[in-house]
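Below is one structure, written out as structure tokens; comments come after it.
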Amino acid sequence: MELLQIHEQQCPWCGELIELTVDCSYGDHVFVEDCAVCCAPIQVAVSFAPGPQVSPSVEVRREND
């Protein structure tokens, strides 16, 4: 598994498709990243299913929601 993975997500603020770089060496974690298009803060939640890790689940939402 690659430790750094690129995930495409839709910004919850402006709706544009953005690329997020996810560090898979941390396991489950949450971080905040600004949208590359509208600069609004996005909360990014990364989680892994139990068992052999192939790719994490990545969910985005507005930071203040």
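Residue names in the structure tokens use chain letters A, B, ... in the order shown, residue numbers from 1 in each chain, and ligand numbers from 1 in the order shown.
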- Query: Which neighbours of Glu19 (chain A) fall inside 7 Å, counting only C-alpha atoms, when residues of the same chain fewer than 2 positions from it are skipped, and could you give them as JSON, numbers by chain?
  - Reply: {"A": [6, 7, 8, 9, 21]}
Let me see the file: selected residues, all heavy atoms, as a PDB file, in the first residue's frame.
ATOM      1  N   ILE A   6      -3.635   9.859  -3.327  1.00  0.00           N
ATOM      2  CA  ILE A   6      -4.436  10.979  -3.805  1.00  0.00           C
ATOM      3  C   ILE A   6      -5.889  10.519  -3.893  1.00  0.00           C
ATOM      4  O   ILE A   6      -6.176   9.470  -4.475  1.00  0.00           O
ATOM      5  CB  ILE A   6      -3.968  11.462  -5.195  1.00  0.00           C
ATOM      6  CG1 ILE A   6      -2.488  11.841  -5.155  1.00  0.00           C
ATOM      7  CG2 ILE A   6      -4.828  12.606  -5.686  1.00  0.00           C
ATOM      8  CD1 ILE A   6      -2.172  13.019  -4.274  1.00  0.00           C
ATOM      9  N   HIS A   7      -6.781  11.283  -3.297  1.00  0.00           N
ATOM     10  CA  HIS A   7      -8.213  10.979  -3.349  1.00  0.00           C
ATOM     11  C   HIS A   7      -8.953  12.188  -3.895  1.00  0.00           C
ATOM     12  O   HIS A   7      -8.732  13.307  -3.433  1.00  0.00           O
ATOM     13  CB  HIS A   7      -8.748  10.630  -1.954  1.00  0.00           C
ATOM     14  CG  HIS A   7      -8.305   9.295  -1.468  1.00  0.00           C
ATOM     15  ND1 HIS A   7      -9.073   8.177  -1.590  1.00  0.00           N
ATOM     16  CD2 HIS A   7      -7.154   8.903  -0.879  1.00  0.00           C
ATOM     17  CE1 HIS A   7      -8.422   7.146  -1.086  1.00  0.00           C
ATOM     18  NE2 HIS A   7      -7.256   7.564  -0.652  1.00  0.00           N
ATOM     19  N   GLU A   8      -9.815  11.960  -4.857  1.00  0.00           N
ATOM     20  CA  GLU A   8     -10.652  13.035  -5.395  1.00  0.00           C
ATOM     21  C   GLU A   8     -11.950  13.086  -4.609  1.00  0.00           C
ATOM     22  O   GLU A   8     -12.599  12.068  -4.396  1.00  0.00           O
ATOM     23  CB  GLU A   8     -10.942  12.808  -6.877  1.00  0.00           C
ATOM     24  CG  GLU A   8      -9.744  13.042  -7.761  1.00  0.00           C
ATOM     25  CD  GLU A   8     -10.104  12.992  -9.231  1.00  0.00           C
ATOM     26  OE1 GLU A   8     -11.156  12.415  -9.587  1.00  0.00           O
ATOM     27  OE2 GLU A   8      -9.325  13.532 -10.024  1.00  0.00           O
ATOM     28  N   GLN A   9     -12.300  14.275  -4.152  1.00  0.00           N
ATOM     29  CA  GLN A   9     -13.524  14.491  -3.397  1.00  0.00           C
ATOM     30  C   GLN A   9     -14.177  15.769  -3.884  1.00  0.00           C
ATOM     31  O   GLN A   9     -13.517  16.639  -4.448  1.00  0.00           O
ATOM     32  CB  GLN A   9     -13.215  14.616  -1.901  1.00  0.00           C
ATOM     33  CG  GLN A   9     -12.630  13.381  -1.270  1.00  0.00           C
ATOM     34  CD  GLN A   9     -13.656  12.287  -1.086  1.00  0.00           C
ATOM     35  OE1 GLN A   9     -14.827  12.555  -0.866  1.00  0.00           O
ATOM     36  NE2 GLN A   9     -13.217  11.050  -1.180  1.00  0.00           N
ATOM     37  N   THR A  21      -4.394  14.825  -0.655  1.00  0.00           N
ATOM     38  CA  THR A  21      -3.322  13.871  -0.394  1.00  0.00           C
ATOM     39  C   THR A  21      -3.526  13.324   1.008  1.00  0.00           C
ATOM     40  O   THR A  21      -3.569  14.080   1.984  1.00  0.00           O
ATOM     41  CB  THR A  21      -1.944  14.545  -0.492  1.00  0.00           C
ATOM     42  OG1 THR A  21      -1.802  15.100  -1.806  1.00  0.00           O
ATOM     43  CG2 THR A  21      -0.836  13.543  -0.252  1.00  0.00           C
TER      44      THR A  21
END
- Task: Extract the full set of strand (DSSP E or B) residues from region 6-65 of chain A according to DSSP on the backbone, and format it as a ChimeraX atom specification.
- Result: /A:6-10,17-23,29-34,41-47,57-62
Please produce a file of those selected residues containing N, CA and C atoms, as a compact mmCIF listing (two decimals), in the first residue's frame.
# COMPACT_ATOMS: atom_id res chain seq x y z
N ILE A 6 -3.63 9.86 -3.33
CA ILE A 6 -4.44 10.98 -3.81
C ILE A 6 -5.89 10.52 -3.89
N HIS A 7 -6.78 11.28 -3.30
CA HIS A 7 -8.21 10.98 -3.35
C HIS A 7 -8.95 12.19 -3.89
N GLU A 8 -9.82 11.96 -4.86
CA GLU A 8 -10.65 13.04 -5.39
C GLU A 8 -11.95 13.09 -4.61
N GLN A 9 -12.30 14.27 -4.15
CA GLN A 9 -13.52 14.49 -3.40
C GLN A 9 -14.18 15.77 -3.88
N GLN A 10 -15.45 15.89 -3.63
CA GLN A 10 -16.18 17.11 -3.96
C GLN A 10 -16.17 18.02 -2.75
N LEU A 17 -14.60 19.54 -7.71
CA LEU A 17 -13.83 18.32 -7.48
C LEU A 17 -12.40 18.73 -7.14
N ILE A 18 -11.90 18.26 -6.01
CA ILE A 18 -10.54 18.59 -5.58
C ILE A 18 -9.77 17.31 -5.28
N GLU A 19 -8.44 17.41 -5.29
CA GLU A 19 -7.58 16.29 -4.95
C GLU A 19 -7.03 16.50 -3.55
N LEU A 20 -7.14 15.46 -2.72
CA LEU A 20 -6.61 15.49 -1.36
C LEU A 20 -5.51 14.45 -1.25
N THR A 21 -4.39 14.82 -0.66
CA THR A 21 -3.32 13.87 -0.39
C THR A 21 -3.53 13.32 1.01
N VAL A 22 -3.69 12.00 1.10
CA VAL A 22 -3.96 11.34 2.37
C VAL A 22 -2.73 10.54 2.78
N ASP A 23 -2.26 10.79 4.02
CA ASP A 23 -1.13 10.05 4.57
C ASP A 23 -1.67 8.81 5.27
N HIS A 29 -7.66 8.94 11.15
CA HIS A 29 -7.37 10.28 11.63
C HIS A 29 -8.25 11.31 10.94
N VAL A 30 -8.28 12.50 11.51
CA VAL A 30 -9.06 13.62 10.98
C VAL A 30 -8.12 14.80 10.85
N PHE A 31 -8.23 15.53 9.74
CA PHE A 31 -7.44 16.75 9.57
C PHE A 31 -8.26 17.78 8.81
N VAL A 32 -7.79 19.02 8.83
CA VAL A 32 -8.47 20.11 8.14
C VAL A 32 -7.57 20.59 7.01
N GLU A 33 -8.16 20.75 5.84
CA GLU A 33 -7.44 21.26 4.69
C GLU A 33 -8.33 22.27 3.97
N ASP A 34 -7.74 23.35 3.51
CA ASP A 34 -8.50 24.35 2.78
C ASP A 34 -8.73 23.90 1.35
N PRO A 41 -12.39 25.95 4.78
CA PRO A 41 -11.83 24.83 5.52
C PRO A 41 -12.71 23.58 5.41
N ILE A 42 -12.07 22.46 5.10
CA ILE A 42 -12.75 21.18 4.94
C ILE A 42 -12.21 20.21 5.98
N GLN A 43 -13.10 19.56 6.72
CA GLN A 43 -12.69 18.51 7.65
C GLN A 43 -12.64 17.20 6.87
N VAL A 44 -11.50 16.53 6.92
CA VAL A 44 -11.29 15.29 6.19
C VAL A 44 -11.12 14.16 7.20
N ALA A 45 -11.98 13.14 7.13
CA ALA A 45 -11.91 11.99 8.02
C ALA A 45 -11.43 10.78 7.22
N VAL A 46 -10.34 10.18 7.70
CA VAL A 46 -9.75 9.02 7.04
C VAL A 46 -9.93 7.83 7.96
N SER A 47 -10.47 6.73 7.42
CA SER A 47 -10.64 5.54 8.25
C SER A 47 -10.33 4.29 7.42
N SER A 57 -11.12 4.80 3.61
CA SER A 57 -12.34 5.52 3.31
C SER A 57 -12.08 6.98 3.66
N VAL A 58 -12.43 7.90 2.75
CA VAL A 58 -12.19 9.32 2.97
C VAL A 58 -13.52 10.05 2.87
N GLU A 59 -13.88 10.77 3.93
CA GLU A 59 -15.12 11.54 3.95
C GLU A 59 -14.79 13.00 4.23
N VAL A 60 -15.48 13.90 3.55
CA VAL A 60 -15.26 15.33 3.75
C VAL A 60 -16.56 16.00 4.19
N ARG A 61 -16.40 17.06 4.98
CA ARG A 61 -17.55 17.86 5.38
C ARG A 61 -17.05 19.25 5.75
N ARG A 62 -17.99 20.18 5.85
CA ARG A 62 -17.63 21.54 6.26
C ARG A 62 -17.07 21.49 7.66
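For the pair CA of Asp28 (chain A) and CA of Ser55 (chain A), the interatomic distance is 11.7 Å.
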- Kindly give the distance, in Å, that separates CA of Tyr26 (chain A) and CA of Gly51 (chain A), rounded to a single decimal.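 The value is 15.8 Å.
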- Using only C-alpha atoms, which of A:Cys14, A:Cys24, A:Val54, A:Ala49 sits nearest Val37 (chain A)?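 Using only C-alpha atoms, Val37 (chain A) sits closest to A:Cys14.
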- Item | Between CA of Cys38 (chain A) and CA of Trp13 (chain A), distance in Å (one decimal) |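 Taking CA of Cys38 (chain A) and CA of Trp13 (chain A), their separation equals 7.7 Å.
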- Query: A:Phe48, A:Glu16, A:Cys35, A:Ser25: which is nearest Glu2 (chain A), counting only C-alpha atoms?
  - Reply: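 Under the stated criterion, the closest residue is A:Ser25.
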